[in-house]
Each structure stands twice: as structure tokens, then as C-alpha cells.
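**Q** This is protein_28.txt, which holds compact mmCIF, C-alpha atoms:
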# COMPACT_ATOMS: atom_id res chain seq x y z
CA MET A 1 29.94 -16.50 19.90
CA ASN A 2 33.01 -18.72 19.49
CA ARG A 3 32.65 -21.83 17.48
CA LYS A 4 35.43 -20.68 15.12
CA ALA A 5 39.15 -20.71 16.06
CA ASN A 6 40.68 -24.15 15.49
CA SER A 7 37.50 -25.85 14.40
CA GLU A 8 36.73 -24.72 10.84
CA PRO A 9 34.54 -27.39 9.23
CA SER A 10 36.10 -29.53 6.51
CA ALA A 11 34.32 -27.71 3.66
CA PHE A 12 36.36 -24.63 4.50
CA ARG A 13 39.70 -26.24 5.31
CA GLY A 14 42.60 -26.13 2.91
CA SER A 15 41.61 -22.96 1.13
CA LYS A 16 45.21 -21.76 1.50
CA ARG A 17 46.40 -24.59 -0.74
CA THR A 18 44.11 -23.44 -3.53
CA ARG A 19 46.07 -21.41 -6.07
CA ARG A 20 43.22 -20.17 -8.24
CA PRO A 21 40.72 -18.11 -6.31
CA VAL A 22 37.77 -19.57 -8.26
CA GLY A 23 36.98 -23.22 -8.93
CA PRO A 24 34.35 -25.85 -8.11
CA LYS A 25 35.37 -26.14 -4.44
CA HIS A 26 35.49 -22.39 -4.05
CA GLU A 27 31.99 -22.16 -5.53
CA ILE A 28 30.61 -24.82 -3.18
CA LYS A 29 31.98 -23.01 -0.16
CA ARG A 30 30.77 -19.68 -1.46
CA ALA A 31 27.30 -21.17 -1.98
CA ALA A 32 27.29 -22.46 1.61
CA ILE A 33 28.12 -18.97 2.86
CA LEU A 34 25.35 -17.40 0.80
CA GLN A 35 22.80 -19.92 1.98
CA LYS A 36 23.62 -19.42 5.66
CA ALA A 37 23.64 -15.64 5.20
CA ALA A 38 20.25 -15.80 3.49
CA GLN A 39 18.79 -17.79 6.39
CA LEU A 40 20.18 -15.34 8.93
CA PHE A 41 19.00 -12.27 7.01
CA ALA A 42 15.50 -13.75 6.76
CA GLU A 43 15.45 -14.70 10.43
CA ASN A 44 17.05 -11.66 12.09
CA GLY A 45 16.82 -8.94 9.49
CA TYR A 46 19.60 -7.60 7.29
CA GLU A 47 20.74 -4.74 9.53
CA THR A 48 21.10 -6.87 12.65
CA THR A 49 22.98 -9.68 10.88
CA SER A 50 26.75 -9.01 10.87
CA LEU A 51 29.50 -10.72 8.92
CA ASP A 52 30.76 -11.90 12.33
CA MET A 53 27.44 -13.67 12.94
CA ILE A 54 27.55 -15.32 9.54
CA ALA A 55 31.13 -16.52 10.09
CA ASP A 56 30.20 -17.73 13.59
CA HIS A 57 27.24 -19.75 12.33
CA LEU A 58 29.46 -21.39 9.73
CA GLY A 59 32.17 -21.99 12.31
CA ILE A 60 34.80 -20.15 10.29
CA HIS A 61 36.98 -17.07 10.72
CA LYS A 62 35.69 -13.77 9.43
CA ALA A 63 38.98 -13.52 7.51
CA THR A 64 38.07 -16.76 5.70
CA LEU A 65 34.68 -15.28 4.86
CA TYR A 66 36.37 -12.36 3.09
CA HIS A 67 38.11 -14.89 0.84
CA TYR A 68 34.68 -15.61 -0.64
CA VAL A 69 32.65 -12.41 -0.37
CA PRO A 70 33.85 -8.80 -0.14
CA ASN A 71 30.98 -7.38 1.97
CA LYS A 72 27.41 -7.74 3.18
CA GLU A 73 25.84 -5.79 0.28
CA THR A 74 27.40 -8.21 -2.19
CA ILE A 75 26.11 -11.20 -0.23
CA LEU A 76 22.59 -9.83 -0.47
CA TYR A 77 22.98 -9.23 -4.17
CA GLU A 78 24.37 -12.73 -4.71
CA CYS A 79 21.38 -14.08 -2.78
CA LEU A 80 19.15 -12.42 -5.31
CA LEU A 81 21.01 -13.96 -8.22
CA ALA A 82 20.92 -17.35 -6.51
CA SER A 83 17.20 -17.09 -5.79
CA PHE A 84 16.31 -16.59 -9.40
CA GLU A 85 19.19 -17.65 -11.58
CA ASP A 86 16.98 -18.45 -14.54
CA ILE A 87 15.30 -15.04 -14.81
CA ASP A 88 16.20 -14.78 -18.51
CA THR A 89 14.55 -18.13 -19.24
CA VAL A 90 11.44 -17.07 -17.33
CA ILE A 91 11.19 -13.72 -19.10
CA ASP A 92 11.83 -15.27 -22.53
CA ALA A 93 9.04 -17.77 -21.85
CA MET A 94 6.66 -14.88 -21.09
CA ARG A 95 7.23 -13.56 -24.63
CA ASP A 96 6.83 -16.90 -26.43
CA ARG A 97 3.50 -16.53 -28.20
CA SER A 98 3.45 -20.18 -29.24
CA THR A 99 2.32 -20.90 -25.66
CA PRO A 100 -1.25 -19.78 -24.76
CA LEU A 101 -1.24 -16.55 -22.76
CA LEU A 102 -2.89 -17.94 -19.63
CA ASP A 103 -0.43 -20.85 -19.55
CA ARG A 104 2.43 -18.37 -19.71
CA LEU A 105 0.88 -16.44 -16.82
CA ARG A 106 0.62 -19.63 -14.77
CA HIS A 107 4.21 -20.70 -15.45
CA PHE A 108 5.44 -17.23 -14.52
CA VAL A 109 3.61 -17.21 -11.20
CA GLN A 110 4.82 -20.76 -10.48
CA ALA A 111 8.44 -19.82 -11.21
CA LEU A 112 8.21 -16.67 -9.11
CA ALA A 113 6.57 -18.46 -6.19
CA ARG A 114 9.27 -21.13 -6.20
CA ALA A 115 12.04 -18.54 -6.42
CA GLN A 116 10.61 -16.48 -3.57
CA ASN A 117 10.21 -19.39 -1.21
CA ASN A 118 13.66 -20.95 -1.26
CA ASP A 119 16.20 -19.73 1.31
CA PHE A 120 17.42 -16.98 -0.99
CA GLY A 121 14.05 -15.74 -2.10
CA ARG A 122 12.68 -15.72 1.45
CA CYS A 123 15.64 -13.63 2.49
CA LEU A 124 14.99 -11.05 -0.22
CA VAL A 125 11.32 -10.75 0.53
CA LEU A 126 11.73 -10.68 4.30
CA VAL A 127 14.57 -8.16 4.57
CA GLY A 128 12.32 -5.46 3.14
CA GLU A 129 12.98 -2.53 0.85
CA ARG A 130 15.77 -0.60 2.51
CA PRO A 131 18.58 -3.20 2.33
CA LEU A 132 17.75 -4.00 -1.30
CA ALA A 133 18.45 -0.40 -2.28
CA LEU A 134 22.06 -0.94 -1.10
CA ALA A 135 22.82 -3.64 -3.68
CA PRO A 136 25.56 -2.76 -6.18
CA GLY A 137 24.31 -0.40 -8.88
CA GLY A 138 20.63 -0.63 -7.90
CA LYS A 139 20.62 -4.03 -9.58
CA ILE A 140 17.95 -5.58 -7.37
CA LYS A 141 15.52 -2.82 -8.29
CA ALA A 142 16.37 -3.38 -11.96
CA PHE A 143 15.78 -7.11 -11.50
CA GLN A 144 12.36 -6.51 -9.92
CA ARG A 145 11.48 -4.06 -12.67
CA ARG A 146 12.20 -6.67 -15.35
CA LEU A 147 9.79 -9.11 -13.73
CA ASP A 148 7.20 -6.38 -13.29
CA MET A 149 7.51 -5.30 -16.93
CA ALA A 150 7.24 -8.90 -18.17
CA LEU A 151 3.94 -9.28 -16.34
CA ARG A 152 2.62 -5.91 -17.52
CA ASP A 153 3.54 -6.70 -21.12
CA LEU A 154 1.76 -10.04 -20.91
CA THR A 155 -1.33 -8.38 -19.47
CA MET A 156 -1.35 -5.75 -22.21
CA GLU A 157 -0.96 -8.47 -24.84
CA GLY A 158 -3.97 -10.26 -23.30
CA VAL A 159 -6.09 -7.10 -23.16
CA LEU A 160 -5.30 -6.24 -26.77
CA GLY A 161 -5.82 -9.84 -27.89
CA GLY A 162 -9.13 -10.21 -26.02
CA GLN A 163 -8.00 -13.06 -23.75
CA LEU A 164 -8.25 -10.62 -20.83
CA ARG A 165 -10.81 -8.00 -19.83
CA PRO A 166 -9.61 -4.38 -20.18
CA VAL A 167 -7.78 -4.45 -16.86
CA ASP A 168 -5.02 -2.03 -15.81
CA PRO A 169 -1.70 -3.89 -16.26
CA SER A 170 -0.06 -1.94 -13.43
CA LEU A 171 -2.81 -3.02 -11.02
CA VAL A 172 -2.73 -6.66 -12.11
CA SER A 173 0.99 -6.52 -11.43
CA ALA A 174 0.53 -4.73 -8.08
CA MET A 175 -2.03 -7.28 -6.96
CA LEU A 176 -0.13 -10.36 -8.04
CA PHE A 177 3.30 -9.25 -6.79
CA GLY A 178 1.73 -8.17 -3.52
CA ALA A 179 0.08 -11.55 -3.07
CA LEU A 180 3.30 -13.39 -3.98
CA ASN A 181 5.58 -11.19 -1.87
CA TRP A 182 3.43 -11.95 1.13
CA VAL A 183 3.73 -15.73 0.81
CA PRO A 184 7.12 -16.10 2.56
CA ARG A 185 5.60 -14.42 5.62
CA TRP A 186 2.96 -17.08 6.17
CA PHE A 187 3.90 -20.12 4.09
CA ARG A 188 5.55 -23.06 5.84
CA PRO A 189 6.71 -25.92 3.60
CA GLY A 190 5.57 -29.44 4.37
CA LYS A 191 2.11 -28.39 5.53
CA ARG A 192 -1.19 -28.86 3.73
CA LEU A 193 -0.23 -26.86 0.63
CA SER A 194 2.86 -26.77 -1.56
CA VAL A 195 4.21 -23.53 -3.04
CA GLU A 196 2.86 -24.75 -6.37
CA ASP A 197 -0.64 -25.19 -4.87
CA VAL A 198 -0.57 -21.62 -3.60
CA ALA A 199 0.64 -20.27 -6.94
CA ASP A 200 -2.06 -22.23 -8.79
CA ALA A 201 -4.79 -20.98 -6.47
CA PHE A 202 -3.65 -17.37 -6.92
CA VAL A 203 -3.71 -17.73 -10.71
CA ASP A 204 -7.14 -19.42 -10.63
CA MET A 205 -8.62 -16.68 -8.45
CA LEU A 206 -7.11 -13.92 -10.56
CA VAL A 207 -8.04 -15.46 -13.90
CA GLN A 208 -11.52 -16.80 -13.06
CA GLY A 209 -12.52 -14.62 -10.13
CA ILE A 210 -14.05 -16.00 -6.95
CA THR A 211 -17.68 -15.76 -8.07
CA PRO A 212 -19.37 -18.50 -10.14
CA ARG A 213 -19.25 -18.14 -13.94
CA MET B 1 20.65 17.17 16.27
CA ASN B 2 19.67 20.24 18.27
CA ARG B 3 16.46 21.95 17.42
CA LYS B 4 15.20 21.38 20.99
CA ALA B 5 16.57 23.33 24.02
CA ASN B 6 14.82 26.70 24.34
CA SER B 7 12.71 26.38 21.23
CA GLU B 8 9.90 23.92 21.95
CA PRO B 9 7.04 24.70 19.56
CA SER B 10 3.92 26.24 21.01
CA ALA B 11 1.88 23.02 20.90
CA PHE B 12 4.19 21.59 23.52
CA ARG B 13 4.73 24.68 25.69
CA GLY B 14 3.06 25.05 29.04
CA SER B 15 2.67 21.39 29.83
CA LYS B 16 3.99 22.08 33.33
CA ARG B 17 0.92 24.22 34.09
CA THR B 18 -1.40 21.33 33.26
CA ARG B 19 -2.51 19.61 36.46
CA ARG B 20 -4.37 16.64 34.98
CA PRO B 21 -2.14 14.42 32.88
CA VAL B 22 -4.90 13.74 30.36
CA GLY B 23 -7.18 16.21 28.58
CA PRO B 24 -7.90 17.56 25.09
CA LYS B 25 -4.58 19.43 24.81
CA HIS B 26 -2.65 16.46 26.09
CA GLU B 27 -4.36 14.30 23.47
CA ILE B 28 -3.58 16.72 20.65
CA LYS B 29 0.09 16.76 21.59
CA ARG B 30 0.15 13.03 22.00
CA ALA B 31 -1.41 12.62 18.55
CA ALA B 32 1.27 14.89 17.04
CA ILE B 33 3.98 12.71 18.61
CA LEU B 34 2.40 9.54 17.28
CA GLN B 35 2.08 10.97 13.78
CA LYS B 36 5.69 12.12 13.61
CA ALA B 37 6.86 8.79 15.04
CA ALA B 38 4.80 6.91 12.45
CA GLN B 39 6.36 8.93 9.63
CA LEU B 40 9.87 8.29 10.94
CA PHE B 41 9.27 4.57 11.48
CA ALA B 42 7.94 4.25 7.92
CA GLU B 43 10.84 6.24 6.48
CA ASN B 44 13.82 4.89 8.45
CA GLY B 45 12.59 1.64 9.92
CA TYR B 46 11.57 0.98 13.49
CA GLU B 47 14.94 -0.21 14.82
CA THR B 48 16.88 2.76 13.52
CA THR B 49 14.38 5.35 14.77
CA SER B 50 15.17 6.38 18.36
CA LEU B 51 13.08 8.35 20.83
CA ASP B 52 15.80 11.00 20.56
CA MET B 53 15.17 11.28 16.83
CA ILE B 54 11.43 11.59 17.36
CA ALA B 55 11.91 14.32 20.00
CA ASP B 56 14.42 16.07 17.73
CA HIS B 57 12.04 16.13 14.78
CA LEU B 58 9.31 17.59 16.99
CA GLY B 59 11.77 20.09 18.43
CA ILE B 60 11.08 19.00 22.00
CA HIS B 61 13.05 17.47 24.85
CA LYS B 62 13.10 13.71 25.19
CA ALA B 63 11.92 14.27 28.78
CA THR B 64 8.83 16.02 27.40
CA LEU B 65 8.22 13.05 25.12
CA TYR B 66 8.09 10.74 28.15
CA HIS B 67 5.26 12.87 29.49
CA TYR B 68 3.14 11.52 26.63
CA VAL B 69 4.45 8.05 25.81
CA PRO B 70 6.33 5.58 28.02
CA ASN B 71 8.44 3.87 25.32
CA LYS B 72 8.88 3.05 21.63
CA GLU B 73 6.90 -0.23 21.75
CA THR B 74 3.88 1.66 23.05
CA ILE B 75 4.20 4.28 20.32
CA LEU B 76 4.08 1.55 17.69
CA TYR B 77 1.07 -0.02 19.33
CA GLU B 78 -0.70 3.33 19.56
CA CYS B 79 0.05 3.85 15.86
CA LEU B 80 -1.83 0.65 15.16
CA LEU B 81 -4.84 1.77 17.17
CA ALA B 82 -4.73 5.17 15.46
CA SER B 83 -4.50 3.61 12.00
CA PHE B 84 -7.63 1.61 12.41
CA GLU B 85 -9.63 2.99 15.28
CA ASP B 86 -12.92 1.73 13.91
CA ILE B 87 -11.96 -1.94 13.62
CA ASP B 88 -15.04 -3.00 15.61
CA THR B 89 -17.32 -1.11 13.23
CA VAL B 90 -15.60 -2.65 10.22
CA ILE B 91 -15.83 -6.18 11.62
CA ASP B 92 -19.45 -5.74 12.69
CA ALA B 93 -20.27 -4.58 9.16
CA MET B 94 -18.72 -7.77 7.75
CA ARG B 95 -21.26 -9.80 9.74
CA ASP B 96 -24.30 -7.75 8.80
CA ARG B 97 -26.23 -10.05 6.46
CA SER B 98 -28.70 -7.32 5.52
CA THR B 99 -25.92 -6.00 3.22
CA PRO B 100 -25.14 -8.14 0.12
CA LEU B 101 -22.00 -10.21 0.62
CA LEU B 102 -20.02 -8.70 -2.25
CA ASP B 103 -20.82 -5.18 -1.03
CA ARG B 104 -19.51 -6.14 2.41
CA LEU B 105 -16.32 -7.44 0.81
CA ARG B 106 -15.86 -4.18 -1.09
CA HIS B 107 -16.43 -2.00 1.99
CA PHE B 108 -13.96 -4.10 3.97
CA VAL B 109 -11.24 -3.80 1.36
CA GLN B 110 -11.91 -0.05 1.07
CA ALA B 111 -11.65 0.42 4.83
CA LEU B 112 -8.49 -1.63 5.06
CA ALA B 113 -6.85 0.16 2.12
CA ARG B 114 -7.61 3.55 3.67
CA ALA B 115 -6.33 2.44 7.09
CA GLN B 116 -3.11 1.05 5.64
CA ASN B 117 -2.28 4.13 3.62
CA ASN B 118 -2.52 6.88 6.19
CA ASP B 119 0.65 7.78 8.15
CA PHE B 120 -0.09 5.23 10.83
CA GLY B 121 -1.02 2.37 8.55
CA ARG B 122 1.97 2.96 6.28
CA CYS B 123 4.19 2.79 9.33
CA LEU B 124 2.75 -0.56 10.40
CA VAL B 125 3.04 -2.12 6.99
CA LEU B 126 6.51 -0.75 6.27
CA VAL B 127 8.20 -1.59 9.59
CA GLY B 128 7.73 -5.29 8.88
CA GLU B 129 7.02 -8.25 11.11
CA ARG B 130 9.67 -8.14 13.80
CA PRO B 131 8.81 -4.83 15.49
CA LEU B 132 5.12 -5.71 15.56
CA ALA B 133 5.81 -8.77 17.68
CA LEU B 134 7.14 -6.38 20.37
CA ALA B 135 3.80 -4.66 20.90
CA PRO B 136 2.30 -5.08 24.38
CA GLY B 137 0.72 -8.50 24.82
CA GLY B 138 1.01 -9.53 21.17
CA LYS B 139 -1.92 -7.22 20.50
CA ILE B 140 -0.97 -6.33 16.95
CA LYS B 141 -0.96 -9.99 15.97
CA ALA B 142 -4.37 -10.38 17.60
CA PHE B 143 -5.61 -7.34 15.71
CA GLN B 144 -4.40 -8.75 12.37
CA ARG B 145 -5.95 -12.10 13.20
CA ARG B 146 -9.35 -10.49 13.77
CA LEU B 147 -9.26 -8.90 10.31
CA ASP B 148 -8.09 -12.16 8.77
CA MET B 149 -10.86 -14.14 10.47
CA ALA B 150 -13.50 -11.61 9.41
CA LEU B 151 -12.49 -12.08 5.77
CA ARG B 152 -12.31 -15.86 6.04
CA ASP B 153 -15.74 -16.01 7.67
CA LEU B 154 -17.21 -13.86 4.91
CA THR B 155 -15.64 -16.08 2.25
CA MET B 156 -16.99 -19.21 3.90
CA GLU B 157 -20.44 -17.63 4.13
CA GLY B 158 -20.23 -16.87 0.38
CA VAL B 159 -19.07 -20.37 -0.52
CA LEU B 160 -21.84 -21.97 1.53
CA GLY B 161 -24.43 -19.52 0.20
CA GLY B 162 -23.38 -19.96 -3.44
CA GLN B 163 -22.36 -16.32 -4.01
CA LEU B 164 -18.75 -17.53 -4.30
CA ARG B 165 -17.11 -20.47 -6.01
CA PRO B 166 -15.75 -23.16 -3.65
CA VAL B 167 -12.52 -21.22 -2.99
CA ASP B 168 -10.20 -21.77 -0.03
CA PRO B 169 -10.92 -18.95 2.47
CA SER B 170 -7.33 -18.99 3.76
CA LEU B 171 -6.01 -18.42 0.23
CA VAL B 172 -8.51 -15.67 -0.57
CA SER B 173 -7.32 -14.01 2.61
CA ALA B 174 -3.63 -14.61 1.80
CA MET B 175 -4.05 -13.16 -1.67
CA LEU B 176 -6.04 -10.10 -0.65
CA PHE B 177 -3.99 -9.19 2.43
CA GLY B 178 -0.81 -9.70 0.41
CA ALA B 179 -2.05 -7.37 -2.31
CA LEU B 180 -3.19 -4.76 0.23
CA ASN B 181 -0.06 -4.97 2.40
CA TRP B 182 2.01 -4.25 -0.67
CA VAL B 183 0.19 -1.02 -1.55
CA PRO B 184 2.07 1.29 0.87
CA ARG B 185 5.30 0.23 -0.83
CA TRP B 186 4.33 1.55 -4.25
CA PHE B 187 1.32 3.82 -3.81
CA ARG B 188 1.89 7.58 -3.79
CA PRO B 189 -1.16 9.75 -3.04
CA GLY B 190 -2.07 12.51 -5.46
CA LYS B 191 -1.10 10.56 -8.56
CA ARG B 192 -3.37 8.98 -11.18
CA LEU B 193 -5.18 6.67 -8.74
CA SER B 194 -6.68 7.17 -5.29
CA VAL B 195 -6.47 4.51 -2.58
CA GLU B 196 -10.15 3.87 -3.22
CA ASP B 197 -9.48 3.27 -6.94
CA VAL B 198 -6.83 0.70 -6.07
CA ALA B 199 -9.10 -1.04 -3.55
CA ASP B 200 -11.95 -1.13 -6.09
CA ALA B 201 -9.73 -2.56 -8.81
CA PHE B 202 -8.46 -5.30 -6.46
CA VAL B 203 -12.00 -6.26 -5.52
CA ASP B 204 -13.12 -6.24 -9.17
CA MET B 205 -10.23 -8.46 -10.23
CA LEU B 206 -10.76 -10.86 -7.35
CA VAL B 207 -14.53 -11.05 -7.73
CA GLN B 208 -14.83 -11.09 -11.53
CA GLY B 209 -11.41 -12.39 -12.57
CA ILE B 210 -9.36 -10.81 -15.33
CA THR B 211 -10.76 -12.92 -18.19
CA PRO B 212 -14.00 -12.00 -20.00
CA ARG B 213 -17.22 -13.51 -18.66
Take the structure in this file and express it as C-alpha cells.

**A**
Amino acid sequence: MNRKANSEPSAFRGSKRTRRPVGPKHEIKRAAILQKAAQLFAENGYETTSLDMIADHLGIHKATLYHYVPNKETILYECLLASFEDIDTVIDAMRDRSTPLLDRLRHFVQALARAQNNDFGRCLVLVGERPLALAPGGKIKAFQRRLDMALRDLTMEGVLGGQLRPVDPSLVSAMLFGALNWVPRWFRPGKRLSVEDVADAFVDMLVQGITPR
Amino acid sequence: MNRKANSEPSAFRGSKRTRRPVGPKHEIKRAAILQKAAQLFAENGYETTSLDMIADHLGIHKATLYHYVPNKETILYECLLASFEDIDTVIDAMRDRSTPLLDRLRHFVQALARAQNNDFGRCLVLVGERPLALAPGGKIKAFQRRLDMALRDLTMEGVLGGQLRPVDPSLVSAMLFGALNWVPRWFRPGKRLSVEDVADAFVDMLVQGITPR
């Protein structure tokens, strides 16, 4: 339990000299805290991971931790933002009709698969539903809804435009998000398949089906 | 906290008169305990649901509870068995080549979707990975592996027999189990779609793809 005390690692030393609370160094340290927290949440669950544990694993005082993050709920929310910082770009790309519809679908699934399988994304998927409801202002739910709506809108566009069969957009979304949300539970990087391989295979199966054409 | 004391409901009264520890009445009471436990696990999470809470919600003494179940791990394991008591039948049916391969796939997905969306199945899916590892002898993992292998074997049979494209059985399985495991998180019975509708739509999308043929 006690790797803290007089042995704070260099990245966290000297914070008392910093006048402004925010700056590049502050951000680097804050990012390190978020990353470690994300790993611990994913590994041990959100409820059983305390701020003490996070501070301990970083070898810093809990008081130092509070200099960077106000509470556990905020850490989880910041993990979400960190996992998928370019959500606006991804959602804008879904609406860009100069790109063929099936290409947009593939890029979306690729972006989502990558986001869900970094430290931050794994954390979000693995902690489950309950902790996510605690995030400030229900923002994680809103975030997930935006992604869900982007996929449903694309599906509807495809159904109306004839690129897709008359499928139910809510069920396409349920199937694809289910498949993607499950990946962090079984996927291990550095094995036979990359995250991109998995995403491609999911899109191929969904688009073409698994029976011969 | 105190609906127990002198007010045990009739289903649980008179257990002291029973000589044999097991019998039809014992089983009915035991089933009621498992069902309530499953609902509470699904609602509040496994870790935060105590035996005290389960006894409280049933309006019985914790001591009475121990007459039926030895501990929380066993309850979770029994929930698994209850959710999918006919696993042998389902797996045998997957191997029965007198039924067309795609029909076997559809029946399997239907059976799994039904099993995962009753009280017991919802509990198993919603409690997440960690509690399941606690089940006696890693039996839940073994159970899940049997279902996974049955689906992979069927896919391989289809690929070799030409009914399926040369898809990767592990990714078909990952996609379909992911989609199905997600259903208890969004599905609410009695709305527009039944569990069977959802299962059918998943199979249709996977088999035919979402683009026109």
C-alpha cells in the first residue's frame, strides 16, 4: 500500500512551484493519472478502485491527485473524453455524402473499434453501465446516444437510397454496438488479429452476410 | 431493512416440519430465492447485493436462506443453470445434420436469446465478467465455452460444406455473442419487438447481410 511518502516520481515533483494550475506539464501529469485510473477501472472494476489505489499505483499522495482531478466520477468522464476525443470528426464524416455510404460505415466502425480498445475505451466498456450513469450531467449516455444516432441515420439513408436492404436501423445499431462492445472482453493486442482486422471482419459480415452471394 | 422477523411469507413457513431437506416444496422455495437473487444481481450488481438484501426482499431470515443455498457464489452458479437448463439439448441440436445448417443457426440464436433475457440470463449478462469467475470450479466459463465451440463448429461445417462463405468462425462467434450479450442492456419486454424478433433480425442480418442481393 505504501509506495508514496517521500518517493513521488519526477513527473509529479515540483507541482508546488507551478503558479498556473493548467499548463503543458499539468496536462501531462493529468493524462498519466487518467491512464492509470483507466487501467485500474478496467482491471478491478470501478466500484472497487479507490482514489487511494490510483494514487498508490502512481506513487503519489492522494492530496497530489486532488490537484489534478476533483473526484472519481470526473476521472471516469475524462476517460471517456480521452478515449474518443475526435467524436465530432467521426460524426461529421458519417454525414459527408461525398464519401460512399459503405465506406463511411467502415470508417465509423474502425474509429469506434480503435477508441474502444485503447486503455480509456477498454475502461469504459469494462466498467459496465452503472458507473457510467454517475458521470457529470449524464454526459456519457449523451455521448453514446450521439454515436448510436449517427449509425441509425446512416442506415436510414442507405435504406432510403437503396444501398441497404430495408433493415431496422435500431437493430443494425444494436447488433453492431453489441459486437463492438464485446471486443474489449476477448481481444488481446499483438495476437493474430489487429483491432482493424476485427472491425473489417465485422463490417464485411454485416454488409455481405456470411452466406455466398 | 426489516420486513423479516415474525412475517415470513407462507411459501417459506413450516420448513422446520420438513424432515427431508430436498423435495418439491423445498425446490419451489429454492427457485423463488434464486429468482429474487437474480433480479437483485441484475439491478444492483453482484458485489453490492448481499445475502441480507436477498433475505430482506423475500421477507425471510438470513438463517432460513442458508437452508436453501450455502453462499452467494452458489446462487450465481445456480442462476446460470436455471437460465439455460437445456444446454445439452441445444448443443445436440447444433450437431444434428438432418436439420439444414442455417435452420440450426437460427434455433441456436433463438434459444440463446430467450435464455439470456429471462431473469436468470439477464442477471448473468449484467453482472459482468468478474463475478462469473467466482463460480464453483470455473463452471460458468466452461459453460460459455461449450456454447462458443458449438457455434464455431457449426460455422466451420458451413464453410467446409459451402453453405457459408469462408468466414473466420471465431469472428462469427465474437460478433454474434457480442450482439446477443448486449440485448439485456437495451431490450425491454412488452415493447415493439419480442426477444424472438430480435434474434431473427440478428440471424437475418448475419446470414444475408444488410445490402441487397

**Q** Which value, in Å to one decimal, gives the distance between atom CA of B:Val109 and atom CA of B:Arg146?

**A**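 Going from atom CA of B:Val109 over to atom CA of B:Arg146 covers 14.2 Å.
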
**Q** Pull out every residue of chain B sitting within 7 Å of chain A, counting all atoms listed in the file, and send them as a CSV table (one decimal) with C-alpha atoms, keeping the file's coordinate frame.

**A**
chain,number,residue,atom,x,y,z
B,163,GLN,CA,-22.4,-16.3,-4.0
B,164,LEU,CA,-18.8,-17.5,-4.3
B,165,ARG,CA,-17.1,-20.5,-6.0
B,167,VAL,CA,-12.5,-21.2,-3.0
B,174,ALA,CA,-3.6,-14.6,1.8
B,175,MET,CA,-4.0,-13.2,-1.7
B,176,LEU,CA,-6.0,-10.1,-0.6
B,178,GLY,CA,-0.8,-9.7,0.4
B,179,ALA,CA,-2.0,-7.4,-2.3
B,181,ASN,CA,-0.1,-5.0,2.4
B,182,TRP,CA,2.0,-4.2,-0.7
B,202,PHE,CA,-8.5,-5.3,-6.5
B,205,MET,CA,-10.2,-8.5,-10.2
B,206,LEU,CA,-10.8,-10.9,-7.4
B,207,VAL,CA,-14.5,-11.0,-7.7
B,208,GLN,CA,-14.8,-11.1,-11.5
B,209,GLY,CA,-11.4,-12.4,-12.6
B,210,ILE,CA,-9.4,-10.8,-15.3
B,211,THR,CA,-10.8,-12.9,-18.2
B,212,PRO,CA,-14.0,-12.0,-20.0
B,213,ARG,CA,-17.2,-13.5,-18.7

**Q** Which residue out of B:Asp56, B:Glu85, B:Asp92, B:Glu196 has the minimum interatomic distance to B:Leu151 when all atoms listed in the file are used?

**A**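 Checking each of B:Asp56, B:Glu85, B:Asp92, B:Glu196 against B:Leu151, counting all atoms listed in the file, the winner is B:Asp92.
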
**Q** Could you pull the residues within 6 Å of stretch 110-118 of chain A, counting all atoms listed in the file, minus those fewer than 4 positions along the same chain, as a ChimeraX atom specification?

**A** /A:83-84,122,184,199

**Q** Determine the nearest neighbour of B:His67 from the options B:Met94, B:Leu101, B:Ala82, B:Ile33, counting all atoms listed in the file.

**A**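 For B:His67, the nearest of the candidates is B:Ile33.
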
**Q** I'd like the contact shell of A:Tyr68 - 12 Å cut-off, only C-alpha atoms, skipping same-chain residues fewer than 6 positions apart - returned as a list in words.

**A**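 Listed by chain and then number, they are Phe12, Ser15, Pro21, Val22, Gly23, Lys25, His26, Glu27, Ile28, Lys29, Arg30, Ala31, Ala32, Ile33, Leu34, Leu51, Ala55, Ile60, His61, Lys62, Thr74, Ile75 and Glu78 of chain A.
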
**Q** Provide the atom CA of B:Ala38 to atom CA of B:Ile54 distance in Å, to one decimal place.

**A** 9.5 Å
